[in-house]
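S.K.: Submitted below is the structure of interest, expressed as structure tokens.
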Amino acid sequence: MNAPLRAARVATFVYFSLCGTLMGTWVVNIPAIEERVGISHATLGGLLVLLGLGAFVGMQVAGRLTDSLGARVVVPATGVLCSAALVLPGLPHDPWTLAGALMVFGFCNGCLDVSMNAHAVHVEKAYGRPVMSAFHATFSVGGVLAALVGAATASAGQSPAVGMAAMGALGIVIALVSARALLPAAPTVAASAVATPPVEAASSAREAASTGKTGKAGQASAPARRGTSRRIWILAALALMVMLCEGAANDWSALHLKDVLGAPASTAAFAYGTFAATMTIGRLLADRLVARFGSMAILRYGAATAAVGIAIVTVSPWMWAAFAGWALFGLGLSGCVPQLFSAAGHADPAAAGANVSRVAGLGYVGMLAGPAVIGWLTHFTALNHTFVLLILLCAITAVAAGVLRTDSDRTRRTRRARRTRELAHGSR
């Protein structure tokens, strides 16, 4: 593997970690900002919707810009903008100003999120093997780093604005320094062909030759483009379901242990910690598993594992079993979102940014909606019973995982069937 490609991968790790650190810095300062502005939890919840709205709009804008200008231009630019915008939520003293600050920060964060994921798709294509899950793991690591820095600045008596400004300034430097290592453009068709498994490439060539699905310049026909568009929206719907589950765990895992099982607050906090830890570990391991078993298997069995985990949480009266359930839930979900993002980016390399923005945008809606949906359901039933919805969403995702099936998956299944027949024949 050549040095520029390795450097591009390292730079992508840096930008994912930067994005997680910037968002985490805002999250750890929420209590102090809420107290200074003098708003209730309900008002804060409404303001967080504005942050999500800004992020959704930013994702759509950045997706198209990344396809037209290239990730090497858009990623560092959005990294600088997001770092600079971090200080804005730390300055206001009234709700209206805070609302505007959150919309701007959300917009910049959404731009960085989509552009770095689009670049990650290009890096993965150039590598010719799965590397996406590890990028998402470093996003979580950035959140841990933000928590540590936030705790240190709070103990030192610094105001949120000072800590957020310092982290933003550091982020600007990091975004600019890392820019030169990014890939100059999406991999060429020739490079992509090298990364494509031989069986899959040959199968695709035979299909194109027999059906005439390519034009004179090798462009996809209108039916092929419509098929790709339908597949992207299916991926987006799955991302919404998976990230709704993740958002529900973020906000309700600790409250479940405290309110349903009667755990003290100090113990209940470990529910989310358990979920986040297994999710990070799972993402660090997922790339190797994808290379061996395929992305479809990771999505299917990951979602099924998550369904089992949240089912344990739903029915168990024991605290130790609840911890085990949240751990399984995080482990199962860990590899799902990276596979959906990766599939969206690879569906059409010329529109990787736009496709990732659709999947990430709808997924982000799910992330924001999850806590609200669970909260609404608690008006009608107990908190642990609302988790039945999460079981259903995970089960639907597992059933629909076939959308990620590739020719290499079919080849792998055919080989397994042939080996099974040979073993059965030999035993006779």
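Going by the structure tokens order, chains are called A, B, ..., each with residues numbered from 1, while ligands are numbered from 1 in the order shown.
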Pull the closest atom pair for each residue of region 246-321 of chain A that gets at most 10 Å from region 128-144 of chain A, along with the distance in Å to one decimal, counting only C-alpha atoms, ordering rows by chain and then ascending residue number, as JSON lines.

M.R.:
```
{"residue": "A:Ala276", "atom": "CA", "partner": "A:Ser140", "partner_atom": "CA", "distance": 8.0}
{"residue": "A:Ala277", "atom": "CA", "partner": "A:Ser140", "partner_atom": "CA", "distance": 9.0}
{"residue": "A:Met279", "atom": "CA", "partner": "A:Ala137", "partner_atom": "CA", "distance": 8.0}
{"residue": "A:Thr280", "atom": "CA", "partner": "A:Ala137", "partner_atom": "CA", "distance": 5.2}
{"residue": "A:Ile281", "atom": "CA", "partner": "A:Ala137", "partner_atom": "CA", "distance": 7.7}
{"residue": "A:Gly282", "atom": "CA", "partner": "A:Ala137", "partner_atom": "CA", "distance": 8.3}
{"residue": "A:Arg283", "atom": "CA", "partner": "A:Ser133", "partner_atom": "CA", "distance": 5.0}
{"residue": "A:Leu284", "atom": "CA", "partner": "A:Ala134", "partner_atom": "CA", "distance": 5.0}
{"residue": "A:Leu285", "atom": "CA", "partner": "A:Ala134", "partner_atom": "CA", "distance": 7.7}
{"residue": "A:Ala286", "atom": "CA", "partner": "A:Ser133", "partner_atom": "CA", "distance": 6.0}
{"residue": "A:Asp287", "atom": "CA", "partner": "A:Pro130", "partner_atom": "CA", "distance": 5.2}
{"residue": "A:Arg288", "atom": "CA", "partner": "A:Pro130", "partner_atom": "CA", "distance": 7.4}
{"residue": "A:Leu289", "atom": "CA", "partner": "A:Pro130", "partner_atom": "CA", "distance": 9.0}
{"residue": "A:Val290", "atom": "CA", "partner": "A:Pro130", "partner_atom": "CA", "distance": 6.5}
{"residue": "A:Ala291", "atom": "CA", "partner": "A:Pro130", "partner_atom": "CA", "distance": 6.1}
{"residue": "A:Arg292", "atom": "CA", "partner": "A:Pro130", "partner_atom": "CA", "distance": 9.8}
{"residue": "A:Gly294", "atom": "CA", "partner": "A:Pro130", "partner_atom": "CA", "distance": 9.2}
{"residue": "A:Ser295", "atom": "CA", "partner": "A:Pro130", "partner_atom": "CA", "distance": 8.8}
```

S.K.: Which residues are near region 379-382 of chain A? Cut-off 10 Å, only C-alpha atoms, ignore same chain within fewer than 3 positions. Put them as a list in words.

M.R.: His256, Asp259, Val260, Ile374, Gly375, Trp376, His385, Thr386 and Phe387 of chain A

S.K.: Could you tell me which of A:Ala8, A:Leu392, A:Leu331, A:Leu368 comes closest to Glu124 (chain A) if we count only C-alpha atoms?

M.R.: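 Distance minimum relative to Glu124 (chain A) lands on A:Ala8.
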
S.K.: Using only C-alpha atoms, find the one residue out of A:Ser83, A:Ser17, A:Gln158, A:Asn109 that sits nearest to Ala62 (chain A).

M.R.: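 Of A:Ser83, A:Ser17, A:Gln158, A:Asn109, the one nearest Ala62 (chain A), counting only C-alpha atoms, is A:Asn109.
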
S.K.: Fewer than 4 positions away in the same chain doesn't count, so skip those; otherwise give me all residues within 10 Å of Ile174 (chain A), counting only C-alpha atoms, as a list of chain:residue names.

M.R.: A:Ala11, A:Val14, A:Tyr15, A:Leu18, A:Pro76, A:Gly79, A:Val80, A:Ser83, A:Gly168, A:Ala169, A:Leu170, A:Ser178, A:Ala179

S.K.: Please determine, counting only C-alpha atoms, which residue among A:Leu244, A:Gly24, A:Arg72, A:Ser253 has the shortest atom-to-atom distance to Leu148 (chain A).

M.R.: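 Using only C-alpha atoms, the shortest distance to Leu148 (chain A) belongs to A:Gly24.
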
S.K.: Please list as a list in words every residue within 12 Å of Gly45 (chain A), counting only C-alpha atoms and excluding residues in the same chain fewer than 4 positions away.

M.R.: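 Selected residues are Ile30, Glu34, Ile39, Ser40, His41, Val49, Leu50, Leu51, Gly52, Pro95, Ala99, Leu102, Asp251, Leu368, Ala369, Pro371, Ala372 and Gly375 of chain A.
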
S.K.: Would you return as an NGL selection string the members of region 305-422 of chain A that DSSP assigns to alpha helix (DSSP H) on this structure's backbone?

M.R.: :A and (305-315 or 319-334 or 336-347 or 352-377 or 383-386 or 388-399 or 407-422)

S.K.: Restricting it to C-alpha atoms, dump the selection as a tab-separated table (two decimals), in the first residue's frame.

M.R.:
```
chain	number	residue	atom	x	y	z
A	305	THR	CA	-28.04	-9.35	18.07
A	306	ALA	CA	-29.29	-5.87	18.91
A	307	ALA	CA	-32.89	-7.16	18.91
A	308	VAL	CA	-31.92	-9.90	21.39
A	309	GLY	CA	-30.09	-7.38	23.56
A	310	ILE	CA	-32.93	-4.89	23.81
A	311	ALA	CA	-35.40	-7.76	24.36
A	312	ILE	CA	-33.37	-8.75	27.42
A	313	VAL	CA	-33.52	-5.15	28.63
A	314	THR	CA	-37.28	-5.06	28.07
A	315	VAL	CA	-38.21	-8.15	30.10
A	319	MET	CA	-29.77	-5.22	36.92
A	320	TRP	CA	-26.91	-7.45	35.77
A	321	ALA	CA	-29.06	-8.79	32.93
A	322	ALA	CA	-29.99	-5.23	31.92
A	323	PHE	CA	-26.29	-4.34	31.67
A	324	ALA	CA	-25.75	-7.44	29.52
A	325	GLY	CA	-28.70	-6.44	27.34
A	326	TRP	CA	-27.41	-2.90	26.77
A	327	ALA	CA	-23.97	-4.33	25.99
A	328	LEU	CA	-25.45	-6.66	23.34
A	329	PHE	CA	-27.56	-3.81	21.97
A	330	GLY	CA	-24.47	-1.62	21.45
A	331	LEU	CA	-22.41	-4.48	20.04
A	332	GLY	CA	-25.13	-5.40	17.56
A	333	LEU	CA	-25.75	-1.86	16.35
A	334	SER	CA	-22.05	-1.02	16.11
A	336	CYS	CA	-24.82	-1.39	11.05
A	337	VAL	CA	-24.54	2.33	10.26
A	338	PRO	CA	-21.03	2.13	8.71
A	339	GLN	CA	-22.23	-0.57	6.30
A	340	LEU	CA	-25.22	1.53	5.23
A	341	PHE	CA	-23.06	4.62	4.67
A	342	SER	CA	-20.47	2.58	2.79
A	343	ALA	CA	-23.08	0.96	0.54
A	344	ALA	CA	-24.59	4.38	-0.24
A	345	GLY	CA	-21.20	5.81	-1.20
A	346	HIS	CA	-20.24	2.83	-3.38
A	347	ALA	CA	-23.60	2.68	-5.19
A	352	ALA	CA	-21.10	9.45	-3.45
A	353	GLY	CA	-21.57	12.69	-1.53
A	354	ALA	CA	-25.22	13.14	-2.49
A	355	ASN	CA	-26.07	9.51	-1.73
A	356	VAL	CA	-24.30	9.56	1.64
A	357	SER	CA	-26.10	12.82	2.49
A	358	ARG	CA	-29.49	11.18	1.86
A	359	VAL	CA	-28.71	8.17	4.03
A	360	ALA	CA	-26.99	10.21	6.76
A	361	GLY	CA	-29.68	12.89	6.70
A	362	LEU	CA	-32.58	10.49	7.21
A	363	GLY	CA	-30.50	8.58	9.76
A	364	TYR	CA	-29.93	11.79	11.68
A	365	VAL	CA	-33.68	12.38	11.73
A	366	GLY	CA	-33.99	8.96	13.37
A	367	MET	CA	-31.27	9.80	15.89
A	368	LEU	CA	-33.19	12.91	16.95
A	369	ALA	CA	-36.60	11.27	16.81
A	370	GLY	CA	-35.66	8.23	18.90
A	371	PRO	CA	-35.65	9.91	22.33
A	372	ALA	CA	-38.81	11.87	21.49
A	373	VAL	CA	-40.72	8.80	20.27
A	374	ILE	CA	-39.80	6.79	23.36
A	375	GLY	CA	-40.77	9.75	25.56
A	376	TRP	CA	-44.16	10.04	23.84
A	377	LEU	CA	-44.81	6.31	24.27
A	383	LEU	CA	-40.55	2.78	29.86
A	384	ASN	CA	-39.25	-0.76	29.43
A	385	HIS	CA	-42.35	-1.71	27.41
A	386	THR	CA	-41.67	1.08	24.92
A	388	VAL	CA	-40.68	-3.26	22.03
A	389	LEU	CA	-40.59	-0.66	19.23
A	390	LEU	CA	-36.79	-0.97	19.13
A	391	ILE	CA	-37.06	-4.76	18.95
A	392	LEU	CA	-39.36	-4.44	15.93
A	393	LEU	CA	-37.07	-1.94	14.17
A	394	CYS	CA	-34.04	-4.19	14.68
A	395	ALA	CA	-35.98	-7.19	13.40
A	396	ILE	CA	-37.10	-5.30	10.28
A	397	THR	CA	-33.50	-4.24	9.63
A	398	ALA	CA	-32.29	-7.82	9.93
A	399	VAL	CA	-34.93	-9.04	7.46
A	407	ASP	CA	-22.17	-10.84	-6.17
A	408	SER	CA	-19.37	-11.81	-3.79
A	409	ASP	CA	-22.01	-12.70	-1.17
A	410	ARG	CA	-23.73	-14.95	-3.71
A	411	THR	CA	-20.41	-16.54	-4.61
A	412	ARG	CA	-19.62	-17.10	-0.92
A	413	ARG	CA	-23.03	-18.73	-0.40
A	414	THR	CA	-22.59	-20.94	-3.48
A	415	ARG	CA	-19.20	-22.12	-2.25
A	416	ARG	CA	-20.62	-22.94	1.19
A	417	ALA	CA	-23.45	-24.93	-0.44
A	418	ARG	CA	-20.95	-26.80	-2.64
A	419	ARG	CA	-18.75	-27.68	0.36
A	420	THR	CA	-21.83	-28.88	2.24
A	421	ARG	CA	-22.83	-31.14	-0.66
A	422	GLU	CA	-19.30	-32.49	-0.96
```

S.K.: Here is a test: counting only C-alpha atoms, which residue of A:Ala401, A:Val61, A:Val75, A:Ala154 is nearest to Leu235 (chain A)?

M.R.: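 Of the candidates, the smallest distance to Leu235 (chain A) is held by A:Ala401.
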
S.K.: Looking at A:Ile298, A:Ile232, A:Cys108, A:Ala351, which one is nearest to Cys19 (chain A), with distances taken over only C-alpha atoms?

M.R.: A:Cys108

S.K.: Between CA of Gly273 (chain A) and CA of Gly335 (chain A), measure the distance and give it in Å to one decimal.

M.R.: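 We find that CA of Gly273 (chain A) and CA of Gly335 (chain A) lie 17.7 Å from each other.
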
S.K.: What does the structure give for the distance between CA of Gly106 (chain A) and CA of Phe56 (chain A), in Å to one decimal?

M.R.: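 Taking CA of Gly106 (chain A) as the start and CA of Phe56 (chain A) as the end point, the length is 8.0 Å.
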